[in-house]
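To start, the structure itself, in structure tokens.
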Amino acid sequence: MLDEDDVTLITVPGWGNSGAEHWQTSWERCYPLARRVEQEDWLYPECEAWVAGIRRTLEQVPGRWMLAAHSLGCHAAAAWLRTLSLREQKRLQGLLLVAPPALPISEARARASGELPDDAPLPAFSGFSAPTLRLPAPALLVASRDDLFCDMAEAEAMAQAWGCPLVDAGAHGHLGSAARLGHWRFGQDLLQELMLA
């Protein structure tokens, strides 16, 4: 998938983590230098805690990083990136932001996601906010035309705020497990594009 031997693929899952049918899980199986960011609480996320989870993972990874983030993990990754020193930024080869949700996440969208039982309280999504700053690293934002969590106009606004190109992935829903993307060759091609940026 990646051509560079010293680049570790870091997957950053979104709300609820990524299951066995998720493209992130498939990529982790295919690429020997792959690490998943683990969070202490996948169902009640707080941005500061998720940023700390990303940092904990990367402190254990030598060399350069390529991040492939999904959904709420995109916002966590963007928040993490803004905390990096210039030296750390140079270790980041690129950032693939797949299906970031529009923020704030409405109750209707959160309930429709299926992540929580019907009677469970909704997360506050504390600290997660809409992007306002350009990302200091090469990035691509990938959006689906029929994403429950973000329509294309909202995705375009996010890409503009982050200063990265928007890639139209067609109509595949939220681009997660339910989309059954398998190895998701289209996404792998975008990773290669970031490698050459």
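Chain labels run A, B, ... following the order of the structure tokens; each chain numbers its residues from 1, and ligands are numbered from 1 in the order shown.
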Distance query stretch 75-87 of chain A at most 8 Å, only C-alpha atoms, self and fewer than 3 positions along chain excluded, as a list in words: Val12, Cys47, Trp50, Val51, Ala52, Ile54, Arg55, Ala69, Ser71, Leu72, Lys90, Arg91, Pro100, Phe128, Ser129, Pro131, Leu135 and Pro136 of chain A
How would you write, as a ChimeraX atom specification, the set of residues in stretch 68-191 of chain A that DSSP gives as helix (DSSP H, G or I)? /A:72-81,86-89,107-112,152-162,177-179,185-191
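Going from atom CA of A:Gly53 to atom CA of A:Gln39 covers 5.6 Å.
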Please return, as a compact mmCIF listing (two decimals) with all heavy atoms, in the first residue's frame, all residues of stretch 33-179 of chain A that DSSP assigns to strand (DSSP E) on the basis of the backbone.
# COMPACT_ATOMS: atom_id res chain seq x y z
N ALA A 34 1.55 -0.86 10.45
CA ALA A 34 0.26 -0.20 10.73
C ALA A 34 -0.02 -0.26 12.22
O ALA A 34 0.23 -1.28 12.87
CB ALA A 34 -0.87 -0.88 9.96
N ARG A 35 -0.53 0.83 12.74
CA ARG A 35 -0.92 0.92 14.14
C ARG A 35 -2.26 1.62 14.24
O ARG A 35 -2.49 2.61 13.55
CB ARG A 35 0.11 1.73 14.95
CG ARG A 35 1.47 1.09 15.07
CD ARG A 35 1.50 -0.06 16.04
NE ARG A 35 1.17 0.34 17.39
CZ ARG A 35 2.04 0.82 18.26
NH1 ARG A 35 3.30 0.98 17.91
NH2 ARG A 35 1.65 1.13 19.48
N ARG A 36 -3.11 1.12 15.11
CA ARG A 36 -4.40 1.77 15.35
C ARG A 36 -4.32 2.60 16.62
O ARG A 36 -3.80 2.14 17.64
CB ARG A 36 -5.51 0.73 15.50
CG ARG A 36 -6.86 1.35 15.89
CD ARG A 36 -7.98 0.35 15.93
NE ARG A 36 -8.26 -0.11 14.58
CZ ARG A 36 -9.41 -0.67 14.22
NH1 ARG A 36 -10.38 -0.83 15.10
NH2 ARG A 36 -9.61 -1.07 12.98
N ARG A 64 8.52 8.09 10.23
CA ARG A 64 7.48 9.01 9.74
C ARG A 64 6.10 8.37 9.85
O ARG A 64 5.98 7.16 9.93
CB ARG A 64 7.78 9.40 8.29
CG ARG A 64 9.03 10.26 8.15
CD ARG A 64 9.26 10.67 6.73
NE ARG A 64 9.56 9.51 5.90
CZ ARG A 64 9.36 9.46 4.58
NH1 ARG A 64 8.82 10.48 3.94
NH2 ARG A 64 9.66 8.38 3.90
N TRP A 65 5.08 9.23 9.84
CA TRP A 65 3.70 8.79 10.02
C TRP A 65 2.86 9.18 8.81
O TRP A 65 3.03 10.23 8.22
CB TRP A 65 3.06 9.47 11.23
CG TRP A 65 3.85 9.46 12.49
CD1 TRP A 65 4.46 8.39 13.08
CD2 TRP A 65 4.10 10.59 13.34
NE1 TRP A 65 5.06 8.78 14.25
CE2 TRP A 65 4.86 10.12 14.44
CE3 TRP A 65 3.76 11.94 13.31
CZ2 TRP A 65 5.29 10.95 15.47
CZ3 TRP A 65 4.18 12.77 14.32
CH2 TRP A 65 4.94 12.28 15.39
N MET A 66 1.90 8.32 8.48
CA MET A 66 0.82 8.65 7.56
C MET A 66 -0.48 8.33 8.28
O MET A 66 -0.69 7.18 8.69
CB MET A 66 0.92 7.81 6.28
CG MET A 66 -0.26 8.00 5.32
SD MET A 66 -0.26 9.60 4.52
CE MET A 66 0.98 9.31 3.25
N LEU A 67 -1.32 9.32 8.49
CA LEU A 67 -2.56 9.10 9.24
C LEU A 67 -3.73 8.92 8.29
O LEU A 67 -3.88 9.68 7.31
CB LEU A 67 -2.84 10.28 10.17
CG LEU A 67 -2.29 10.16 11.60
CD1 LEU A 67 -0.77 10.14 11.59
CD2 LEU A 67 -2.82 11.27 12.48
N ALA A 68 -4.54 7.91 8.57
CA ALA A 68 -5.79 7.70 7.85
C ALA A 68 -6.90 7.72 8.89
O ALA A 68 -7.08 6.77 9.65
CB ALA A 68 -5.77 6.36 7.11
N ALA A 69 -7.61 8.84 8.96
CA ALA A 69 -8.62 9.05 9.99
C ALA A 69 -10.02 8.91 9.40
O ALA A 69 -10.25 9.25 8.23
CB ALA A 69 -8.45 10.43 10.61
N HIS A 70 -10.94 8.43 10.24
CA HIS A 70 -12.32 8.29 9.80
C HIS A 70 -13.26 9.00 10.76
O HIS A 70 -13.08 8.95 11.97
CB HIS A 70 -12.72 6.80 9.72
CG HIS A 70 -14.16 6.60 9.35
ND1 HIS A 70 -15.09 6.09 10.23
CD2 HIS A 70 -14.83 6.86 8.20
CE1 HIS A 70 -16.27 6.04 9.62
NE2 HIS A 70 -16.13 6.50 8.40
N LEU A 92 5.27 13.91 9.81
CA LEU A 92 3.96 13.56 9.27
C LEU A 92 3.98 13.66 7.76
O LEU A 92 4.12 14.75 7.20
CB LEU A 92 2.88 14.47 9.85
CG LEU A 92 1.45 14.20 9.38
CD1 LEU A 92 1.02 12.79 9.74
CD2 LEU A 92 0.50 15.22 9.98
N GLN A 93 3.85 12.52 7.09
CA GLN A 93 3.88 12.48 5.63
C GLN A 93 2.59 13.02 5.04
O GLN A 93 2.59 13.65 3.99
CB GLN A 93 4.10 11.05 5.16
CG GLN A 93 4.25 10.90 3.67
CD GLN A 93 5.55 11.49 3.16
OE1 GLN A 93 6.55 11.48 3.86
NE2 GLN A 93 5.53 12.02 1.95
N GLY A 94 1.48 12.76 5.70
CA GLY A 94 0.21 13.23 5.18
C GLY A 94 -0.95 12.75 6.05
O GLY A 94 -0.77 11.94 6.96
N LEU A 95 -2.11 13.29 5.74
CA LEU A 95 -3.30 13.03 6.54
C LEU A 95 -4.49 12.82 5.61
O LEU A 95 -4.86 13.72 4.85
CB LEU A 95 -3.55 14.24 7.46
CG LEU A 95 -4.67 14.19 8.47
CD1 LEU A 95 -4.48 13.04 9.43
CD2 LEU A 95 -4.71 15.50 9.24
N LEU A 96 -5.06 11.61 5.65
CA LEU A 96 -6.25 11.29 4.87
C LEU A 96 -7.44 11.40 5.80
O LEU A 96 -7.57 10.63 6.77
CB LEU A 96 -6.14 9.88 4.28
CG LEU A 96 -7.23 9.47 3.30
CD1 LEU A 96 -7.16 10.31 2.02
CD2 LEU A 96 -7.09 7.98 2.95
N LEU A 97 -8.32 12.34 5.53
CA LEU A 97 -9.48 12.63 6.38
C LEU A 97 -10.73 12.10 5.67
O LEU A 97 -11.18 12.68 4.69
CB LEU A 97 -9.60 14.14 6.61
CG LEU A 97 -8.38 14.81 7.25
CD1 LEU A 97 -8.41 16.31 7.04
CD2 LEU A 97 -8.31 14.47 8.73
N VAL A 98 -11.27 11.01 6.16
CA VAL A 98 -12.38 10.34 5.48
C VAL A 98 -13.68 10.53 6.25
O VAL A 98 -13.80 10.14 7.41
CB VAL A 98 -12.08 8.83 5.32
CG1 VAL A 98 -13.23 8.13 4.61
CG2 VAL A 98 -10.77 8.62 4.56
N ALA A 139 -2.89 17.19 3.22
CA ALA A 139 -4.10 16.47 3.62
C ALA A 139 -5.08 16.40 2.46
O ALA A 139 -5.06 17.25 1.56
CB ALA A 139 -4.75 17.15 4.82
N LEU A 140 -5.93 15.37 2.49
CA LEU A 140 -7.05 15.24 1.57
C LEU A 140 -8.29 14.94 2.39
O LEU A 140 -8.23 14.12 3.32
CB LEU A 140 -6.82 14.10 0.58
CG LEU A 140 -5.68 14.25 -0.43
CD1 LEU A 140 -5.49 12.93 -1.20
CD2 LEU A 140 -5.96 15.39 -1.40
N LEU A 141 -9.40 15.58 2.07
CA LEU A 141 -10.67 15.30 2.72
C LEU A 141 -11.54 14.53 1.74
O LEU A 141 -11.78 14.99 0.62
CB LEU A 141 -11.36 16.59 3.16
CG LEU A 141 -12.57 16.45 4.08
CD1 LEU A 141 -12.80 17.74 4.86
CD2 LEU A 141 -13.84 16.08 3.34
N VAL A 142 -11.98 13.35 2.15
CA VAL A 142 -12.79 12.48 1.28
C VAL A 142 -14.21 12.45 1.82
O VAL A 142 -14.44 12.17 2.99
CB VAL A 142 -12.21 11.05 1.25
CG1 VAL A 142 -12.95 10.21 0.22
CG2 VAL A 142 -10.71 11.07 0.97
N ALA A 143 -15.17 12.75 0.94
CA ALA A 143 -16.56 12.80 1.37
C ALA A 143 -17.45 12.02 0.41
O ALA A 143 -17.17 11.93 -0.79
CB ALA A 143 -17.03 14.25 1.47
N LEU A 166 -10.93 18.67 -1.58
CA LEU A 166 -12.05 17.79 -1.30
C LEU A 166 -12.13 16.75 -2.40
O LEU A 166 -12.12 17.08 -3.58
CB LEU A 166 -13.36 18.59 -1.25
CG LEU A 166 -14.65 17.77 -1.12
CD1 LEU A 166 -14.70 17.04 0.21
CD2 LEU A 166 -15.87 18.67 -1.30
N VAL A 167 -12.20 15.48 -2.01
CA VAL A 167 -12.30 14.37 -2.97
C VAL A 167 -13.69 13.77 -2.87
O VAL A 167 -14.13 13.36 -1.79
CB VAL A 167 -11.24 13.29 -2.67
CG1 VAL A 167 -11.37 12.14 -3.66
CG2 VAL A 167 -9.84 13.89 -2.71
N ASP A 168 -14.39 13.72 -4.00
CA ASP A 168 -15.74 13.14 -4.07
C ASP A 168 -15.61 11.63 -4.20
O ASP A 168 -15.09 11.11 -5.19
CB ASP A 168 -16.46 13.74 -5.28
CG ASP A 168 -17.91 13.30 -5.39
OD1 ASP A 168 -18.29 12.27 -4.79
OD2 ASP A 168 -18.68 13.98 -6.11
Contacts of A:Ala108 within 12 Å, only C-alpha atoms, excl. fewer than 6 positions in-chain, as number ranges by chain: A: 114, 118, 122, 148-149
May I have the selected residues written with C-alpha atoms, as a compact mmCIF listing (two decimals), in the first residue's frame?
# COMPACT_ATOMS: atom_id res chain seq x y z
CA GLY A 114 -26.81 3.20 15.70
CA ASP A 118 -32.03 3.86 22.18
CA LEU A 122 -26.03 10.96 23.96
CA LEU A 148 -25.77 10.88 7.01
CA PHE A 149 -23.35 12.95 9.07
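For the residues A:Gly170, A:Gly182, A:Pro104, A:Pro123, ranking by smallest atom-to-atom distance to A:Ser144 using only C-alpha atoms places A:Gly170 first.
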For stretch 20-30 of chain A: contacts at 7 Å, only C-alpha atoms, fewer than 6 positions along chain excluded, given as a ChimeraX atom specification: /A:11,176-177,180-184
In Å, rounded to a single decimal, give me how far atom CA of A:Gln188 is from atom CA of A:Gly163. 21.3 Å
Mind checking which residues fall within 10 Å of A:Asp41, counting only C-alpha atoms, ignoring those fewer than 3 positions away in the same chain, and posting them as JSON, numbers by chain? {"A": [15, 16, 17, 38, 44, 45, 46, 49, 50]}
Using the selection just defined, write its residues with C-alpha atoms as a short mmCIF file (atom, residue, chain, number, x, y, z; two decimals), in the first residue's frame.
data_model
loop_
_atom_site.label_atom_id
_atom_site.label_comp_id
_atom_site.auth_asym_id
_atom_site.auth_seq_id
_atom_site.Cartn_x
_atom_site.Cartn_y
_atom_site.Cartn_z
CA TRP A 15 -17.00 7.31 17.22
CA GLY A 16 -17.56 3.69 18.25
CA ASN A 17 -14.23 2.44 16.81
CA GLU A 38 -6.86 3.20 20.76
CA TYR A 44 -18.43 9.05 24.99
CA PRO A 45 -15.59 10.87 23.28
CA GLU A 46 -13.92 14.03 24.51
CA ALA A 49 -8.77 12.74 25.65
CA TRP A 50 -8.80 11.57 22.02
#
Can you pull out the residues contacting A:Ala197? Cut-off 7 Å, using only C-alpha atoms, and skip same-chain residues under 3 positions away; I want them as a PDB file with all heavy atoms, in the first residue's frame.
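Contents of the output file selection26.pdb:
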ATOM      1  N   PRO A 138       0.269  18.161   4.467  1.00  0.00           N
ATOM      2  CA  PRO A 138      -0.535  17.727   3.308  1.00  0.00           C
ATOM      3  C   PRO A 138      -1.723  16.886   3.756  1.00  0.00           C
ATOM      4  O   PRO A 138      -1.577  15.979   4.584  1.00  0.00           O
ATOM      5  CB  PRO A 138       0.458  16.886   2.490  1.00  0.00           C
ATOM      6  CG  PRO A 138       1.812  17.300   2.954  1.00  0.00           C
ATOM      7  CD  PRO A 138       1.658  17.682   4.384  1.00  0.00           C
ATOM      8  N   GLU A 193      -1.092   9.147  -3.307  1.00  0.00           N
ATOM      9  CA  GLU A 193      -1.017  10.543  -3.753  1.00  0.00           C
ATOM     10  C   GLU A 193      -0.397  11.415  -2.664  1.00  0.00           C
ATOM     11  O   GLU A 193       0.437  12.284  -2.934  1.00  0.00           O
ATOM     12  CB  GLU A 193      -2.412  11.024  -4.107  1.00  0.00           C
ATOM     13  CG  GLU A 193      -2.475  12.439  -4.672  1.00  0.00           C
ATOM     14  CD  GLU A 193      -3.876  12.839  -5.062  1.00  0.00           C
ATOM     15  OE1 GLU A 193      -4.638  11.969  -5.528  1.00  0.00           O
ATOM     16  OE2 GLU A 193      -4.230  14.020  -4.886  1.00  0.00           O
ATOM     17  N   LEU A 194      -0.801  11.166  -1.398  1.00  0.00           N
ATOM     18  CA  LEU A 194      -0.219  11.930  -0.305  1.00  0.00           C
ATOM     19  C   LEU A 194       1.265  11.620  -0.125  1.00  0.00           C
ATOM     20  O   LEU A 194       2.048  12.489   0.266  1.00  0.00           O
ATOM     21  CB  LEU A 194      -0.971  11.627   0.992  1.00  0.00           C
ATOM     22  CG  LEU A 194      -2.322  12.304   1.165  1.00  0.00           C
ATOM     23  CD1 LEU A 194      -3.070  11.720   2.355  1.00  0.00           C
ATOM     24  CD2 LEU A 194      -2.164  13.817   1.324  1.00  0.00           C
TER      25      LEU A 194
END
